[in-house]
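Accompanying notes for the structure given below.
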Protein chains: 2
Amino acid sequence: MKEITIHSPATVANLVCGFDVLGLCLEEPYDIMNLSLLDKRQVIIKTTGDYPLPADPALNTAGAPLLEMISALDMDAGFEVTISKQIKPGSGIGSSAASAAGAVVGANELLGNVFSKEDLVRFAMFGEKVASGVKHADNIAPCIYGGITLIRSIFPLDIIQIPTPSLFVTVVHPQIEIRTSDAREILRKEVLLKDAIRQWGNIAGLVAGLMKNDYDLIGRSLEDVIIEPIRSILIPGFHEIKRQCKEAGAIGGGISGSGPSVFMLSSNEATAISVELVMRSIYDRIGLHYHTYVTTINKTGVKCIV
Amino acid sequence: MKEITIHSPATVANLVCGFDVLGLCLEEPYDIMNLSLLDKRQVIIKTTGDYPLPADPALNTAGAPLLEMISALDMDAGFEVTISKQIKPGSGIGSSAASAAGAVVGANELLGNVFSKEDLVRFAMFGEKVASGVKHADNIAPCIYGGITLIRSIFPLDIIQIPTPSLFVTVVHPQIEIRTSDAREILRKEVLLKDAIRQWGNIAGLVAGLMKNDYDLIGRSLEDVIIEPIRSILIPGFHEIKRQCKEAGAIGGGISGSGPSVFMLSSNEATAISVELVMRSIYDRIGLHYHTYVTTINKTGVKCIV
């Protein structure tokens, strides 16, 4: 029986001034998934590990994309998927996207790579729809393409890879729950034109800074005057973390996805580790449980191991 | 007596999705200015040509920046400036910025280049304040730096040069008057978040497209869902021009500055000339007087000739 093991990484969506359009792929953490090719149109979901996931493929973020993929095939094929979830659901670092993206990349490999990466993003978005009710690609795209991706448009899908210099990423996940739907509901439907102008000046600066390897410019551009002032209210210690991490040398950062995780970028590993210590000491003092990661940008996305 | 002649070019501000932050420098048209160094703190303005300009330096867009520059000097110096204005005031291609930028670049050359380009932008913005009541740099910066510039922020000033591929620019200036202040007043103070997201996806795509030499991506990103739908109402034939120019092969384009000029980008000269014919035929049919330019991006900005 043809089978494959894949590593599907965590991702940071809503990259500060790039709300809804810019995402970044992390080296760690990642889910481990095992897929086998079946000879009939069927998806079987199994899970191992600490986090309970729906067994019904139509309700599972890995299963729903595979059902879509199967219905696009002109042959009888199916998949058995065993998910070892390492990325905690609800952490704000793309747990559902990792399941969805990992499943479609692995399945495509088993089929002999008949689908394009863009096709895979389209299938995987059905997983996000299961998870949050909305089709979005700002975690899926970086998970499949690696690096930093711009989703300029979803309908029609337009994904652009943004070249990026070497960057270290420190993530802290305080163990509180923020539902994506709640994080979306507190946003205002209208924003001031002057704030929007500032935001698009910043995203233009961020893209230019990434492509020019200009860390100073990246840092100056990592400013969000629209979403962060509202959503940061839901994250204990957010402003203190941001200020102290920058004092410790971080280039900049913000809320990962819709939170509660917070990420910071650094130009070197020593700074990324100092930043982690800052995060730890703040949450230790507040008295919240948390988990931290010190990692880099993953430039290849989902990896097929066997 | 030390003197110098400079060519100060026209510019396109509000580059479609880059409202208030992105501007582009044109090879043509340009103003011709002659500056002489004086040995006392004084600015004398003289004009030749068709367009009457204020003789009082404090009210003149070239004079006001020079008065600021003089007050920043720790020596007695002044300038006599003769402006031969070629760029029609009110055309929307940076006529006032050309006077202001040309004056400060020429004066700085006469002083032995004691000021940085950033200093010069700061001085020149006083000219824009005289012209429109508001200090802005989206024409000044490309006029002084050349190419395409991002003004990420004005306070503090943060100008980023965006590398650009070879591009041809066709401009049509219909002979109607739109006051910058009117063009600003009709804008809404608030915009929909979903439109702002689309706009910042587009500007990110535009910057990436310019830096990747990806003409298709540049074209897809040249979309303005916020300003153009409102301001285009003031420009007769706008939508027809845009549609037909794209059919003729233009990459994309939009309103230049606050109008009434309209610009289109093309990847080659033959297309830029076809685009000019389209513009001419539409305004011939409407029965409006107009002027057209077929030119390229000026990558150096203000030129010192003698």
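Every chain in the structure tokens takes a letter, A first, then B, and so on in the order presented; its residues are numbered from 1, and the ligands are numbered from 1 following the presented order.
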
Give me the residues of chain B that have any atom at most 9 Å from an atom of chain A; for each, the nearest atom pair and the distance in Å, rounded to one decimal. Use only C-alpha atoms, sort by chain and number, and format it as JSON lines.
{"residue": "B:Cys17", "atom": "CA", "partner": "A:Trp200", "partner_atom": "CA", "distance": 8.7}
{"residue": "B:Gly18", "atom": "CA", "partner": "A:Trp200", "partner_atom": "CA", "distance": 7.5}
{"residue": "B:Phe19", "atom": "CA", "partner": "A:Ile197", "partner_atom": "CA", "distance": 7.2}
{"residue": "B:Asp20", "atom": "CA", "partner": "A:Ile197", "partner_atom": "CA", "distance": 7.0}
{"residue": "B:Val21", "atom": "CA", "partner": "A:Gly201", "partner_atom": "CA", "distance": 6.0}
{"residue": "B:Leu22", "atom": "CA", "partner": "A:Gly201", "partner_atom": "CA", "distance": 8.3}
{"residue": "B:Leu150", "atom": "CA", "partner": "A:Gly201", "partner_atom": "CA", "distance": 7.4}
{"residue": "B:Ile151", "atom": "CA", "partner": "A:Gly201", "partner_atom": "CA", "distance": 7.0}
{"residue": "B:Arg152", "atom": "CA", "partner": "A:Gly201", "partner_atom": "CA", "distance": 4.6}
{"residue": "B:Ser153", "atom": "CA", "partner": "A:Gly201", "partner_atom": "CA", "distance": 7.2}
{"residue": "B:Ile160", "atom": "CA", "partner": "A:Gly205", "partner_atom": "CA", "distance": 7.4}
{"residue": "B:Gln161", "atom": "CA", "partner": "A:Ala208", "partner_atom": "CA", "distance": 8.8}
{"residue": "B:Ile162", "atom": "CA", "partner": "A:Ala208", "partner_atom": "CA", "distance": 7.0}
{"residue": "B:Leu187", "atom": "CA", "partner": "A:Leu193", "partner_atom": "CA", "distance": 8.9}
{"residue": "B:Arg188", "atom": "CA", "partner": "A:Leu193", "partner_atom": "CA", "distance": 7.5}
{"residue": "B:Lys189", "atom": "CA", "partner": "A:Leu193", "partner_atom": "CA", "distance": 5.4}
{"residue": "B:Glu190", "atom": "CA", "partner": "A:Leu192", "partner_atom": "CA", "distance": 4.4}
{"residue": "B:Val191", "atom": "CA", "partner": "A:Glu190", "partner_atom": "CA", "distance": 5.4}
{"residue": "B:Leu192", "atom": "CA", "partner": "A:Glu190", "partner_atom": "CA", "distance": 4.4}
{"residue": "B:Leu193", "atom": "CA", "partner": "A:Glu190", "partner_atom": "CA", "distance": 5.1}
{"residue": "B:Lys194", "atom": "CA", "partner": "A:Lys189", "partner_atom": "CA", "distance": 7.6}
{"residue": "B:Ala196", "atom": "CA", "partner": "A:Ala196", "partner_atom": "CA", "distance": 6.1}
{"residue": "B:Ile197", "atom": "CA", "partner": "A:Asp20", "partner_atom": "CA", "distance": 7.0}
{"residue": "B:Arg198", "atom": "CA", "partner": "A:Arg152", "partner_atom": "CA", "distance": 7.4}
{"residue": "B:Gln199", "atom": "CA", "partner": "A:Trp200", "partner_atom": "CA", "distance": 7.4}
{"residue": "B:Trp200", "atom": "CA", "partner": "A:Trp200", "partner_atom": "CA", "distance": 4.9}
{"residue": "B:Gly201", "atom": "CA", "partner": "A:Arg152", "partner_atom": "CA", "distance": 4.6}
{"residue": "B:Asn202", "atom": "CA", "partner": "A:Arg152", "partner_atom": "CA", "distance": 6.0}
{"residue": "B:Ile203", "atom": "CA", "partner": "A:Ala204", "partner_atom": "CA", "distance": 6.1}
{"residue": "B:Ala204", "atom": "CA", "partner": "A:Ala204", "partner_atom": "CA", "distance": 5.2}
{"residue": "B:Gly205", "atom": "CA", "partner": "A:Arg152", "partner_atom": "CA", "distance": 6.3}
{"residue": "B:Leu206", "atom": "CA", "partner": "A:Ala204", "partner_atom": "CA", "distance": 8.4}
{"residue": "B:Val207", "atom": "CA", "partner": "A:Ala204", "partner_atom": "CA", "distance": 6.3}
{"residue": "B:Ala208", "atom": "CA", "partner": "A:Val207", "partner_atom": "CA", "distance": 6.7}
{"residue": "B:Met211", "atom": "CA", "partner": "A:Met211", "partner_atom": "CA", "distance": 7.6}
{"residue": "B:Leu217", "atom": "CA", "partner": "A:Ile160", "partner_atom": "CA", "distance": 8.7}
{"residue": "B:Ser221", "atom": "CA", "partner": "A:Arg152", "partner_atom": "CA", "distance": 7.9}

Suppose we keep C-alpha atoms; can you now write the selection as a tab-separated table (two decimals), in the first residue's frame?
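result.tsv, freshly written:
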chain	number	residue	atom	x	y	z
B	17	CYS	CA	-3.63	51.62	-4.84
B	18	GLY	CA	-0.81	53.75	-3.34
B	19	PHE	CA	-2.93	56.79	-2.47
B	20	ASP	CA	-0.91	59.32	-0.45
B	21	VAL	CA	2.18	57.07	-0.27
B	22	LEU	CA	3.47	56.06	-3.74
B	150	LEU	CA	7.20	55.11	-1.07
B	151	ILE	CA	6.54	57.73	1.60
B	152	ARG	CA	5.85	55.33	4.44
B	153	SER	CA	5.50	58.19	6.87
B	160	ILE	CA	11.90	54.29	0.48
B	161	GLN	CA	13.04	53.88	-3.11
B	162	ILE	CA	11.23	51.04	-4.85
B	187	LEU	CA	-13.41	61.67	-0.16
B	188	ARG	CA	-15.10	59.87	2.71
B	189	LYS	CA	-13.35	60.06	6.09
B	190	GLU	CA	-14.18	56.42	6.77
B	191	VAL	CA	-13.83	53.41	4.51
B	192	LEU	CA	-14.97	49.81	4.75
B	193	LEU	CA	-12.41	47.53	6.41
B	194	LYS	CA	-12.91	44.99	3.61
B	196	ALA	CA	-8.99	48.74	3.00
B	197	ILE	CA	-7.81	45.09	3.16
B	198	ARG	CA	-8.21	44.78	-0.60
B	199	GLN	CA	-6.26	48.01	-1.08
B	200	TRP	CA	-3.36	46.92	1.13
B	201	GLY	CA	-3.27	43.54	-0.61
B	202	ASN	CA	-2.97	45.44	-3.87
B	203	ILE	CA	-0.21	47.81	-2.75
B	204	ALA	CA	1.74	44.85	-1.35
B	205	GLY	CA	1.28	43.12	-4.72
B	206	LEU	CA	2.33	46.26	-6.60
B	207	VAL	CA	5.56	46.68	-4.61
B	208	ALA	CA	6.35	42.95	-5.00
B	211	MET	CA	10.68	44.54	-7.35
B	217	LEU	CA	1.43	41.13	-11.08
B	221	SER	CA	-2.35	45.03	-8.43

If you count only C-alpha atoms, which residues fall within 9 Å of Gln175 (chain B), apart from same-chain ones fewer than 4 positions away, as a PDB file with C-alpha atoms, in the first residue's frame?
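Saved as around_16.pdb:
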ATOM      1  CA  SER B  91      -2.648  69.442 -14.285  1.00  0.00           C
ATOM      2  CA  PRO B 260      -7.543  65.646 -14.001  1.00  0.00           C
ATOM      3  CA  SER B 261      -4.583  63.932 -15.716  1.00  0.00           C
ATOM      4  CA  LEU B 288     -12.438  68.363 -24.762  1.00  0.00           C
ATOM      5  CA  HIS B 289      -9.072  70.023 -25.296  1.00  0.00           C
ATOM      6  CA  TYR B 290      -6.227  67.903 -23.965  1.00  0.00           C
ATOM      7  CA  HIS B 291      -2.505  67.364 -23.983  1.00  0.00           C
TER       8      HIS B 291
END

Which residues come within 12 Å of Gly106 (chain A), counting only C-alpha atoms, excluding same-chain residues fewer than 5 positions away, as a ChimeraX atom specification? /A:2-8,32-37,62,65-66,69,79-83,98-101,111-115,117,120,124,144,302-306

Quick one: everything within 6 Å of region 272-279 of chain B, counting only C-alpha atoms, minus sequence neighbours fewer than 5 positions away in the same chain. Send it as a compact mmCIF listing (two decimals) with C-alpha atoms, in the first residue's frame.
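Produced file around04.txt, reproduced below:
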# COMPACT_ATOMS: atom_id res chain seq x y z
CA THR B 170 1.33 57.70 -21.23
CA CYS B 245 -6.18 51.61 -22.85
CA SER B 266 3.02 50.05 -20.62

Among region 81-235 of chain A, which ones does DSSP place in strand (DSSP E), written as a list in words? Val81, Thr82, Ile83, Ser84, Ile148, Thr149, Leu150, Ile151, Arg152, Ser153, Asp158, Ile159, Ile160, Gln161, Ile162, Phe168, Val169, Thr170, Val171, Val172, His173, Pro174, Glu190, Val191 and Leu192 of chain A

So that I can see what lies close to region 49-51 of chain B, please list as a ChimeraX atom specification the residues with an atom at most 12 Å from it, counting only C-alpha atoms and leaving out residues fewer than 2 positions away in the same chain. /B:31-33,46-47,53-54,82-90,95

Could you save those same residues with C-alpha atoms as a compact mmCIF listing (two decimals), in the first residue's frame?
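Wrote result27.txt, looks like this:
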# COMPACT_ATOMS: atom_id res chain seq x y z
CA ASP B 31 10.39 72.73 -15.80
CA ILE B 32 13.61 74.57 -16.60
CA MET B 33 14.97 76.67 -13.74
CA LYS B 46 11.49 85.66 -11.75
CA THR B 47 9.33 83.81 -14.24
CA LEU B 53 3.45 82.66 -10.80
CA PRO B 54 3.57 84.75 -7.57
CA THR B 82 14.19 82.15 -12.88
CA ILE B 83 11.43 79.65 -13.53
CA SER B 84 10.46 78.63 -17.01
CA LYS B 85 7.37 76.64 -16.19
CA GLN B 86 6.54 73.92 -18.67
CA ILE B 87 4.30 71.79 -16.44
CA LYS B 88 0.90 73.44 -16.38
CA PRO B 89 -0.26 74.27 -12.83
CA GLY B 90 -3.34 72.25 -11.83
CA SER B 95 3.68 71.20 -11.18

Secondary structure check, alpha helix (DSSP H) residues of region 157-264 of chain A, as an MDAnalysis selection string: chainID A and resid 180:185 193:212 215:221 228:231 238:247

Please identify all polymer residues within 8 Å of Pro9 (chain B), counting only C-alpha atoms, omitting same-chain residues fewer than 4 positions from it, and present them as JSON, numbers by chain. {"B": [25, 26, 27, 28, 29, 30, 31, 98, 143, 301, 302]}

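Proximity of A:Val121, A:Ser258, A:His173, A:Thr180 to Leu157 (chain A), computed with only C-alpha atoms, is greatest for A:Val121.
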
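Ranking B:Arg243, B:Arg231, B:Lys299, B:Arg280 by their shortest atom-to-atom distance to Ser256 (chain B), with only C-alpha atoms included, puts B:Arg231 first.
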
One decimal place gives the CA of Ala137 (chain B)-CA of Ile154 (chain B) separation as 7.4 Å

Lys135 (chain B) environment, 6 Å, only C-alpha atoms, sequence neighbours closer than 6 positions dropped, as an NGL selection string: :B and (125 or 128-129)
